[in-house]
$ cat input-v9.cif   # mmCIF, C-alpha atoms and all ligand atoms
data_work
#
loop_
_atom_site.label_atom_id
_atom_site.label_comp_id
_atom_site.auth_asym_id
_atom_site.auth_seq_id
_atom_site.Cartn_x
_atom_site.Cartn_y
_atom_site.Cartn_z
CA MET A 282 148.53 -196.31 -50.47
CA THR A 283 145.17 -196.50 -48.82
CA SER A 284 146.52 -196.15 -45.33
CA TRP A 285 148.69 -193.22 -46.44
CA TRP A 286 145.57 -191.56 -47.82
CA ILE A 287 143.67 -192.12 -44.59
CA LEU A 288 146.63 -190.81 -42.60
CA SER A 289 146.89 -187.70 -44.74
CA ARG A 290 143.17 -187.07 -44.29
CA LEU A 291 143.47 -187.46 -40.52
CA VAL A 292 146.41 -185.09 -40.38
CA ARG A 293 144.51 -182.54 -42.42
CA VAL A 294 141.48 -182.78 -40.22
CA ARG A 295 143.62 -182.68 -37.08
CA LEU A 296 145.38 -179.57 -38.26
CA GLN A 297 142.02 -178.16 -39.27
CA PHE A 298 143.15 -177.40 -42.77
CA PRO A 299 140.29 -176.75 -45.09
CA VAL A 300 139.23 -179.88 -46.97
CA PHE A 301 140.36 -179.18 -50.51
CA ASP A 302 139.13 -182.26 -52.25
CA VAL A 303 135.42 -181.64 -52.79
CA THR A 304 134.59 -181.00 -56.41
CA LEU A 305 131.46 -179.15 -57.46
CA ILE A 306 129.85 -182.34 -58.66
CA GLU A 307 130.58 -184.10 -55.37
CA ALA A 308 129.22 -181.17 -53.44
CA ILE A 309 126.05 -181.22 -55.56
CA ASN A 310 125.62 -184.97 -55.14
CA ASN A 311 126.07 -184.82 -51.37
CA ALA A 312 123.70 -181.89 -51.07
CA ALA A 313 121.07 -183.50 -53.30
CA GLN A 314 121.15 -186.63 -51.16
CA LYS A 315 120.83 -184.66 -47.94
CA LEU A 316 117.95 -182.58 -49.30
CA SER A 317 116.11 -185.58 -50.62
CA GLU A 318 116.52 -187.41 -47.27
CA ASN A 319 114.85 -184.40 -45.69
CA GLY A 320 111.84 -184.55 -47.96
CA VAL A 321 112.77 -181.76 -50.37
CA SER A 322 111.27 -182.32 -53.80
CA ASN A 323 113.53 -181.41 -56.76
CA ALA A 324 116.49 -181.96 -54.42
CA ARG A 325 119.09 -182.00 -57.16
CA LEU A 326 117.81 -178.90 -58.90
CA ASP A 327 117.73 -177.05 -55.58
CA ALA A 328 121.29 -178.19 -54.80
CA GLU A 329 122.42 -176.79 -58.15
CA LEU A 330 120.54 -173.54 -57.67
CA LEU A 331 122.01 -173.07 -54.21
CA LEU A 332 125.51 -173.68 -55.53
CA SER A 333 124.91 -171.28 -58.44
CA HIS A 334 123.83 -168.71 -55.90
CA VAL A 335 126.86 -169.20 -53.65
CA LEU A 336 129.30 -169.05 -56.58
CA ASN A 337 127.34 -166.31 -58.33
CA LYS A 338 127.43 -168.30 -61.59
CA ASN A 339 124.63 -169.69 -63.71
CA ARG A 340 123.84 -173.40 -64.02
CA ALA A 341 125.40 -173.60 -67.50
CA TRP A 342 128.71 -172.51 -65.93
CA LEU A 343 128.35 -175.18 -63.24
CA ILE A 344 127.94 -177.91 -65.85
CA THR A 345 131.21 -176.96 -67.53
CA HIS A 346 133.10 -176.69 -64.22
CA ILE A 347 131.88 -179.75 -62.33
CA HIS A 348 135.42 -180.96 -61.58
CA ASP A 349 136.57 -177.66 -60.10
CA ALA A 350 137.22 -177.62 -56.37
CA LEU A 351 134.76 -176.10 -53.95
CA GLU A 352 136.71 -174.76 -51.05
CA GLY A 353 137.06 -172.23 -48.28
CA LYS A 354 134.28 -169.72 -47.78
CA ASN A 355 132.30 -171.00 -50.76
CA LEU A 356 132.16 -174.50 -49.29
CA GLN A 357 131.07 -173.09 -45.94
CA PHE A 358 128.40 -170.87 -47.48
CA PHE A 359 127.12 -173.74 -49.58
CA GLU A 360 126.89 -176.07 -46.59
CA GLY A 361 125.07 -173.36 -44.64
CA ALA A 362 122.59 -172.86 -47.48
CA VAL A 363 122.03 -176.61 -47.85
CA ASP A 364 121.39 -176.93 -44.10
CA ARG A 365 118.74 -174.22 -44.31
CA ARG A 366 117.07 -175.89 -47.28
CA ALA A 367 117.24 -179.27 -45.50
CA ARG A 368 115.20 -177.67 -42.69
CA ARG A 369 112.69 -176.94 -45.46
CA GLU A 370 113.25 -173.21 -45.70
CA PRO A 371 112.06 -172.21 -49.19
CA LEU A 372 114.84 -171.89 -51.75
CA GLN A 373 113.62 -168.38 -52.60
CA TYR A 374 114.18 -167.06 -49.06
CA ILE A 375 117.71 -168.49 -49.07
CA ILE A 376 118.68 -166.98 -52.40
CA GLY A 377 116.49 -163.90 -51.81
CA LYS A 378 114.69 -163.81 -55.14
CA GLN A 379 111.91 -165.20 -57.32
CA GLU A 380 111.04 -164.60 -60.94
CA PHE A 381 107.54 -163.39 -61.74
CA TRP A 382 106.22 -162.16 -65.08
CA GLY A 383 109.79 -162.36 -66.43
CA LEU A 384 111.07 -159.95 -63.78
CA GLU A 385 113.30 -160.68 -60.82
CA PHE A 386 111.70 -159.92 -57.46
CA ARG A 387 113.47 -159.65 -54.14
CA VAL A 388 111.75 -161.81 -51.52
CA THR A 389 112.27 -162.12 -47.77
CA PRO A 390 110.35 -164.15 -45.15
CA ASP A 391 108.17 -161.03 -44.71
CA VAL A 392 106.47 -161.62 -48.05
CA LEU A 393 104.63 -164.42 -49.79
CA ILE A 394 106.76 -165.94 -52.56
CA PRO A 395 105.14 -164.98 -55.89
CA ARG A 396 103.48 -167.98 -57.59
CA PRO A 397 103.23 -168.59 -61.34
CA GLU A 398 99.42 -168.89 -61.21
CA THR A 399 99.25 -165.28 -60.01
CA GLU A 400 100.47 -164.24 -63.47
CA LEU A 401 96.90 -164.92 -64.58
CA ILE A 402 95.94 -161.72 -62.75
CA ILE A 403 98.46 -159.80 -64.85
CA GLU A 404 97.20 -161.34 -68.12
CA SER A 405 93.63 -160.56 -67.22
CA ALA A 406 94.36 -156.97 -66.15
CA LEU A 407 96.35 -156.30 -69.35
CA ALA A 408 93.51 -157.62 -71.50
CA ILE A 409 91.14 -155.19 -69.79
CA ALA A 410 93.61 -152.30 -69.96
CA ARG A 411 93.91 -152.74 -73.75
CA ASP A 412 90.24 -151.85 -74.15
CA ARG A 413 90.40 -148.68 -72.07
CA HIS A 414 91.64 -145.26 -73.02
CA GLY A 415 93.59 -142.72 -71.03
CA PRO A 416 95.79 -143.31 -67.98
CA LEU A 417 94.45 -146.05 -65.74
CA THR A 418 94.15 -145.97 -61.98
CA ILE A 419 94.77 -149.39 -60.46
CA ILE A 420 94.66 -150.61 -56.84
CA ASP A 421 96.61 -153.68 -55.71
CA LEU A 422 95.42 -154.97 -52.33
CA CYS A 423 97.68 -157.25 -50.21
CA THR A 424 100.63 -156.26 -52.37
CA GLY A 425 103.21 -158.32 -50.44
CA SER A 426 106.40 -158.38 -52.53
CA GLY A 427 104.69 -155.96 -54.92
CA CYS A 428 104.90 -158.48 -57.74
CA ILE A 429 101.47 -157.60 -59.18
CA ALA A 430 101.76 -153.82 -58.78
CA VAL A 431 105.29 -153.71 -60.20
CA SER A 432 104.54 -156.00 -63.16
CA LEU A 433 101.49 -153.93 -64.10
CA ALA A 434 103.43 -150.68 -63.74
CA LYS A 435 106.09 -152.10 -66.09
CA GLU A 436 103.51 -153.17 -68.68
CA LEU A 437 101.32 -150.05 -68.47
CA PRO A 438 103.62 -147.03 -68.61
CA SER A 439 100.85 -144.49 -68.04
CA ALA A 440 99.08 -146.32 -65.20
CA GLN A 441 99.03 -144.92 -61.68
CA ILE A 442 99.01 -147.64 -59.06
CA ILE A 443 98.07 -147.63 -55.40
CA ALA A 444 99.22 -150.64 -53.38
CA THR A 445 98.36 -151.52 -49.78
CA ASP A 446 99.43 -154.14 -47.26
CA THR A 447 99.08 -154.56 -43.51
CA SER A 448 102.76 -155.37 -43.15
CA GLU A 449 105.24 -152.51 -42.99
CA LYS A 450 108.09 -154.94 -43.66
CA ALA A 451 106.38 -156.32 -46.75
CA LEU A 452 105.94 -152.76 -48.03
CA GLY A 453 109.68 -152.25 -47.60
CA VAL A 454 110.31 -155.22 -49.88
CA ALA A 455 107.69 -154.01 -52.37
CA ARG A 456 109.28 -150.53 -52.52
CA THR A 457 112.68 -152.11 -53.15
CA ASN A 458 111.18 -154.08 -56.04
CA ALA A 459 109.49 -151.00 -57.47
CA ARG A 460 112.78 -149.08 -57.40
CA ALA A 461 114.69 -151.98 -58.94
CA GLN A 462 112.27 -151.97 -61.89
CA ASN A 463 112.23 -148.17 -62.19
CA VAL A 464 108.51 -147.83 -61.55
CA ALA A 465 108.63 -146.42 -58.01
CA GLU A 466 107.36 -143.00 -59.09
CA ARG A 467 104.09 -144.51 -60.37
CA ILE A 468 103.26 -146.74 -57.40
CA ARG A 469 102.10 -145.28 -54.10
CA PHE A 470 102.39 -147.73 -51.20
CA PHE A 471 100.24 -147.48 -48.09
CA GLU A 472 100.28 -149.48 -44.87
CA GLY A 473 96.91 -150.69 -43.64
CA ASP A 474 94.06 -153.14 -44.00
CA LEU A 475 92.77 -153.41 -47.61
CA PHE A 476 91.15 -150.05 -48.58
CA GLU A 477 91.41 -148.51 -45.13
CA PRO A 478 94.53 -146.37 -45.83
CA LEU A 479 92.79 -144.97 -48.95
CA GLU A 480 89.87 -143.38 -47.09
CA THR A 481 91.41 -139.93 -47.28
CA LEU A 482 92.55 -140.16 -50.91
CA ALA A 483 90.08 -138.85 -53.44
CA VAL A 484 89.79 -142.15 -55.28
CA HIS A 485 86.18 -143.15 -54.58
CA GLY A 486 84.48 -144.02 -57.84
CA ARG A 487 87.67 -143.33 -59.83
CA VAL A 488 89.45 -146.64 -60.02
CA ASP A 489 89.59 -148.60 -63.29
CA ILE A 490 90.89 -151.92 -61.99
CA ILE A 491 91.33 -153.47 -58.55
CA VAL A 492 93.68 -156.46 -58.47
CA THR A 493 94.36 -158.69 -55.51
CA ASN A 494 95.86 -161.99 -54.47
CA PRO A 495 94.47 -162.03 -50.93
CA PRO A 496 95.12 -164.72 -48.33
CA TYR A 497 92.72 -167.59 -49.05
CA ILE A 498 93.66 -170.67 -47.06
CA ARG A 499 91.23 -172.03 -44.47
CA ALA A 500 92.62 -171.64 -40.93
CA GLY A 501 92.08 -175.35 -40.30
CA ASP A 502 94.14 -176.31 -43.35
CA LEU A 503 97.38 -174.67 -42.19
CA ASN A 504 98.76 -177.98 -40.92
CA THR A 505 98.10 -179.74 -44.21
CA LEU A 506 100.37 -177.37 -46.15
CA GLN A 507 103.89 -178.39 -47.13
CA ALA A 508 106.55 -177.53 -44.55
CA GLU A 509 108.03 -174.75 -46.68
CA VAL A 510 104.75 -172.85 -46.71
CA ARG A 511 103.47 -173.73 -43.23
CA ASP A 512 106.70 -173.06 -41.35
CA TYR A 513 108.19 -170.16 -43.31
CA GLU A 514 105.75 -168.04 -45.31
CA PRO A 515 103.95 -165.27 -43.41
CA GLU A 516 100.75 -166.64 -41.91
CA THR A 517 98.92 -163.35 -42.44
CA ALA A 518 99.58 -163.68 -46.18
CA LEU A 519 98.09 -167.19 -46.22
CA ILE A 520 95.17 -167.61 -43.82
CA ALA A 521 91.74 -166.03 -44.23
CA GLY A 522 89.38 -167.23 -41.49
CA PRO A 523 87.66 -170.59 -41.15
CA ASP A 524 86.40 -170.65 -44.78
CA GLY A 525 89.38 -169.04 -46.49
CA THR A 526 87.08 -166.44 -48.07
CA GLU A 527 87.00 -163.91 -45.24
CA VAL A 528 89.26 -161.38 -47.01
CA HIS A 529 87.53 -161.85 -50.39
CA ARG A 530 84.20 -161.11 -48.70
CA ARG A 531 85.44 -157.76 -47.39
CA ILE A 532 87.03 -156.87 -50.72
CA ILE A 533 83.88 -157.73 -52.69
CA GLY A 534 81.86 -155.62 -50.25
CA ALA A 535 84.06 -152.51 -50.46
CA ALA A 536 85.36 -152.56 -54.05
CA PRO A 537 82.28 -150.94 -55.68
CA HIS A 538 82.84 -147.75 -53.62
CA TYR A 539 86.20 -147.31 -55.32
CA LEU A 540 85.51 -148.60 -58.84
CA LYS A 541 84.30 -146.43 -61.70
CA PRO A 542 81.13 -147.55 -63.44
CA ARG A 543 82.21 -150.65 -65.42
CA GLY A 544 85.40 -150.84 -63.32
CA ILE A 545 86.84 -154.29 -62.84
CA LEU A 546 87.69 -156.35 -59.76
CA ILE A 547 90.22 -159.17 -60.37
CA MET A 548 90.81 -161.58 -57.49
CA GLU A 549 92.86 -164.74 -57.15
CA MET A 550 91.22 -167.58 -55.22
CA GLY A 551 91.86 -171.08 -53.91
CA MET A 552 90.69 -174.38 -55.35
CA GLY A 553 86.96 -174.87 -54.82
CA GLN A 554 86.20 -171.27 -53.81
CA SER A 555 84.64 -170.02 -57.03
CA GLY A 556 81.08 -171.02 -56.07
CA ALA A 557 81.20 -169.17 -52.76
CA LEU A 558 82.76 -166.08 -54.34
CA ALA A 559 80.31 -166.07 -57.24
CA ALA A 560 77.48 -166.13 -54.70
CA MET A 561 78.96 -163.10 -52.92
CA ILE A 562 79.18 -161.21 -56.23
CA ARG A 563 75.57 -162.08 -57.17
CA GLU A 564 74.34 -160.89 -53.76
CA GLN A 565 75.57 -157.37 -54.51
CA GLU A 566 73.59 -155.61 -57.11
CA GLN A 567 76.40 -153.16 -57.91
CA TYR A 568 78.13 -155.92 -59.85
CA GLY A 569 77.05 -156.85 -63.36
CA SER A 570 78.70 -159.75 -65.16
CA PHE A 571 81.59 -161.83 -63.86
CA GLU A 572 83.76 -164.66 -65.15
CA VAL A 573 86.05 -167.28 -63.67
CA LEU A 574 89.44 -168.06 -65.26
CA LYS A 575 91.32 -171.34 -64.94
CA ASP A 576 95.05 -171.61 -64.36
CA LEU A 577 97.37 -173.89 -66.35
CA ALA A 578 96.53 -176.78 -64.02
CA GLY A 579 92.84 -176.35 -64.93
CA ILE A 580 91.95 -175.02 -61.48
CA GLU A 581 89.48 -172.13 -61.23
CA ARG A 582 91.92 -169.50 -60.04
CA VAL A 583 90.84 -165.95 -60.84
CA LEU A 584 87.48 -164.22 -60.61
CA VAL A 585 86.90 -161.13 -62.76
CA ALA A 586 83.82 -159.07 -61.80
CA ARG A 587 82.53 -155.97 -63.55
CA LYS A 588 80.80 -153.15 -61.76
CA ARG A 589 77.59 -151.99 -63.44
N1 LIG A 601 100.46 -159.80 -54.00
C1 LIG A 601 101.46 -160.72 -53.53
C2 LIG A 601 101.47 -161.94 -54.41
O1 LIG A 601 100.59 -162.14 -55.19
C3 LIG A 601 101.23 -161.11 -52.07
C4 LIG A 601 99.95 -161.81 -51.82
C5 LIG A 601 99.70 -162.10 -50.37
O2 LIG A 601 100.51 -161.73 -49.51
N2 LIG A 601 98.61 -162.76 -50.07
O3 LIG A 601 102.37 -162.76 -54.39
#
$ encode --input "input-v9.cif" --output "structure tokens"
Amino acid sequence: MTSWWILSRLVRVRLQFPVFDVTLIEAINNAAQKLSENGVSNARLDAELLLSHVLNKNRAWLITHIHDALEGKNLQFFEGAVDRRARREPLQYIIGKQEFWGLEFRVTPDVLIPRPETELIIESALAIARDRHGPLTIIDLCTGSGCIAVSLAKELPSAQIIATDTSEKALGVARTNARAQNVAERIRFFEGDLFEPLETLAVHGRVDIIVTNPPYIRAGDLNTLQAEVRDYEPETALIAGPDGTEVHRRIIGAAPHYLKPRGILIMEMGMGQSGALAAMIREQEQYGSFEVLKDLAGIERVLVARKR
């Protein structure tokens, strides 16, 4: 019996027939082991999500079909996806999407993957928007995937949003996301460094809210980041000079030219940066009060500054 089985396997392999006898659960187990051997955290969950993606089914479906066969093209695609993840490519770049603020965003290696803590910017901007009347003008700097601009456009149906980024490819992704959420007609995208592409627009002194999740990692810390971030996410979206506050400094300096009186600047920041950023705000007399918000992990994450 056993030798017959081995023989039949050999013949199959020899004849290069597809291997028919991998079930979904076996495929998931093998993949989870391979991913975990390569240092992937949540290896099993990622294996399931990759298989869901390849089969275009949700995880609930997988659970009720674990003894089905995985074969042919699907097996090949799954193995390809698992190999990529085993090389520590982020799951989101392999499946091409990430959820943010309850919306599905397309992501490619040209954009930073939206992070849950960035939703604090949305919460904070919405709280401010509630207290203001009339259509708001909002600027989103370093828009990347457009997750902030698009989420705000969805939530604030009368807001006009201007979004900038230095990367033309990132703007392509952001435009795709704006179209997918039907808000493209209220977001204008511009390529360039921070406010620079807005010089010729008549928006000086007219902006209600500026939001931004700028790069904020210290150049020297790049090597300490997990492989997924260090090796795959765009370096320009991550690194901001030797202190990690280089981009914040320029934003804090220029924002008052664009904000209305009592306009608001909302910036995400890295752990331990709130003191340095607060000092920059205090140095500029155009700002009045400011506050620092903590994320769900208790880390000071967002700075909200009010222009006088
Ligand atoms: N605004 C995008 C985000 O928050 C991109 C940020 C960036 O590229 N630094 O995810």
$ closest_atom_pairs --input "input-v9.cif" --of "chain A" --to "ligand LIG 601 (chain A)" --cutoff "7 Å" --atoms "only C-alpha atoms and all ligand atoms" --output "tab-separated table"
residue	atom	partner	partner_atom	distance
A:Val392	CA	A:LIG601	O2	6.1
A:Leu393	CA	A:LIG601	O2	4.9
A:Ile394	CA	A:LIG601	O3	5.7
A:Pro395	CA	A:LIG601	O3	3.9
A:Arg396	CA	A:LIG601	O3	6.2
A:Thr399	CA	A:LIG601	O1	5.9
A:Cys423	CA	A:LIG601	C5	5.3
A:Thr424	CA	A:LIG601	N1	3.9
A:Gly425	CA	A:LIG601	C3	3.8
A:Ser426	CA	A:LIG601	C1	5.6
A:Gly427	CA	A:LIG601	N1	5.8
A:Cys428	CA	A:LIG601	C1	5.9
A:Ile429	CA	A:LIG601	N1	5.7
A:Thr493	CA	A:LIG601	N1	6.4
A:Asn494	CA	A:LIG601	O1	4.8
A:Pro495	CA	A:LIG601	N2	4.3
A:Pro496	CA	A:LIG601	N2	4.4
A:Ala518	CA	A:LIG601	O2	4.0
A:Leu519	CA	A:LIG601	N2	5.9
$ residues_around --input "input-v9.cif" --residues "Ala350 in chain A" --least-positions-apart "5" --cutoff "8 Å" --atoms "all atoms listed in the file" --output "ChimeraX atom specification"
/A:301-305
$ write_last_selection --input "input-v9.cif" --atoms "C-alpha atoms" --output "PDB file, in the coordinates of the input"
ATOM      1  CA  PHE A 301     140.360-179.180 -50.510  1.00  0.00           C
ATOM      2  CA  ASP A 302     139.130-182.260 -52.250  1.00  0.00           C
ATOM      3  CA  VAL A 303     135.420-181.640 -52.790  1.00  0.00           C
ATOM      4  CA  THR A 304     134.590-181.000 -56.410  1.00  0.00           C
ATOM      5  CA  LEU A 305     131.460-179.150 -57.460  1.00  0.00           C
TER       6      LEU A 305
END
$ closest_residue --input "input-v9.cif" --among "A:Ala328, A:Ala444, A:Ala312, A:Leu407" --to "Pro478 in chain A" --atoms "all atoms listed in the file"
A:Ala444
$ residues_near_point --input "input-v9.cif" --point "(86.7, -172.1, -54.2)" --cutoff "10 Å" --atoms "only C-alpha atoms" --output "number ranges by chain"
A: 497, 524-526, 550-559, 580-583
$ closest_residue --input "input-v9.cif" --among "A:Ala408, A:Val464, A:Ala451, A:Leu540" --to "Asp489 in chain A" --atoms "all atoms listed in the file"
A:Leu540
$ closest_residue --input "input-v9.cif" --among "A:Ile520, A:Ala410, A:Val388, A:Ile420" --to "His485 in chain A" --atoms "only C-alpha atoms"
A:Ile420
$ residues_near_point --input "input-v9.cif" --point "(82.7, -150.6, -60.5)" --cutoff "10 Å" --atoms "all atoms listed in the file" --output "JSON, numbers by chain"
{"A": [486, 487, 488, 489, 490, 491, 536, 537, 538, 539, 540, 541, 542, 543, 544, 545, 546, 567, 568, 569, 586, 587, 588, 589]}
$ atom_distance --input "input-v9.cif" --atom1 "CA of Ile347 in chain A" --atom2 "CA of Val321 in chain A"
22.6 Å
$ atom_distance --input "input-v9.cif" --atom1 "CA of Asn337 in chain A" --atom2 "CA of Ile306 in chain A"
16.2 Å
$ residues_around --input "input-v9.cif" --residues "range 356-368 of chain A" --least-positions-apart "3" --cutoff "6 Å" --atoms "all atoms listed in the file" --output "MDAnalysis selection string"
chainID A and resid 316 319 351:353
$ closest_residue --input "input-v9.cif" --among "A:Val431, A:Glu436, A:Thr481, A:Ala324" --to "Glu466 in chain A" --atoms "all atoms listed in the file"
A:Val431
$ closest_residue --input "input-v9.cif" --among "A:Asp576, A:Glu566, A:Glu385, A:Glu549" --to "Asn458 in chain A" --atoms "all atoms listed in the file"
A:Glu385
$ atom_distance --input "input-v9.cif" --atom1 "CA of Ala461 in chain A" --atom2 "CA of Glu329 in chain A"
26.0 Å
$ closest_residue --input "input-v9.cif" --among "A:Pro515, A:Pro397, A:Pro523, A:Gly415" --to "Ala578 in chain A" --atoms "all atoms listed in the file"
A:Pro397
$ residues_around --input "input-v9.cif" --residues "Ile442 in chain A" --least-positions-apart "5" --cutoff "6 Å" --atoms "all atoms listed in the file" --output "list in words"
Thr418, Ile419, Ile420 and Ile468 of chain A
$ axis_aligned_box --input "input-v9.cif" --around "range 324-333 of chain A" --padding-each-side "6 Å" --output "lines of an AutoDock Vina configuration file"
center_x = 121.0
center_y = -176.6
center_z = -56.6
size_x = 21.0
size_y = 22.7
size_z = 16.7
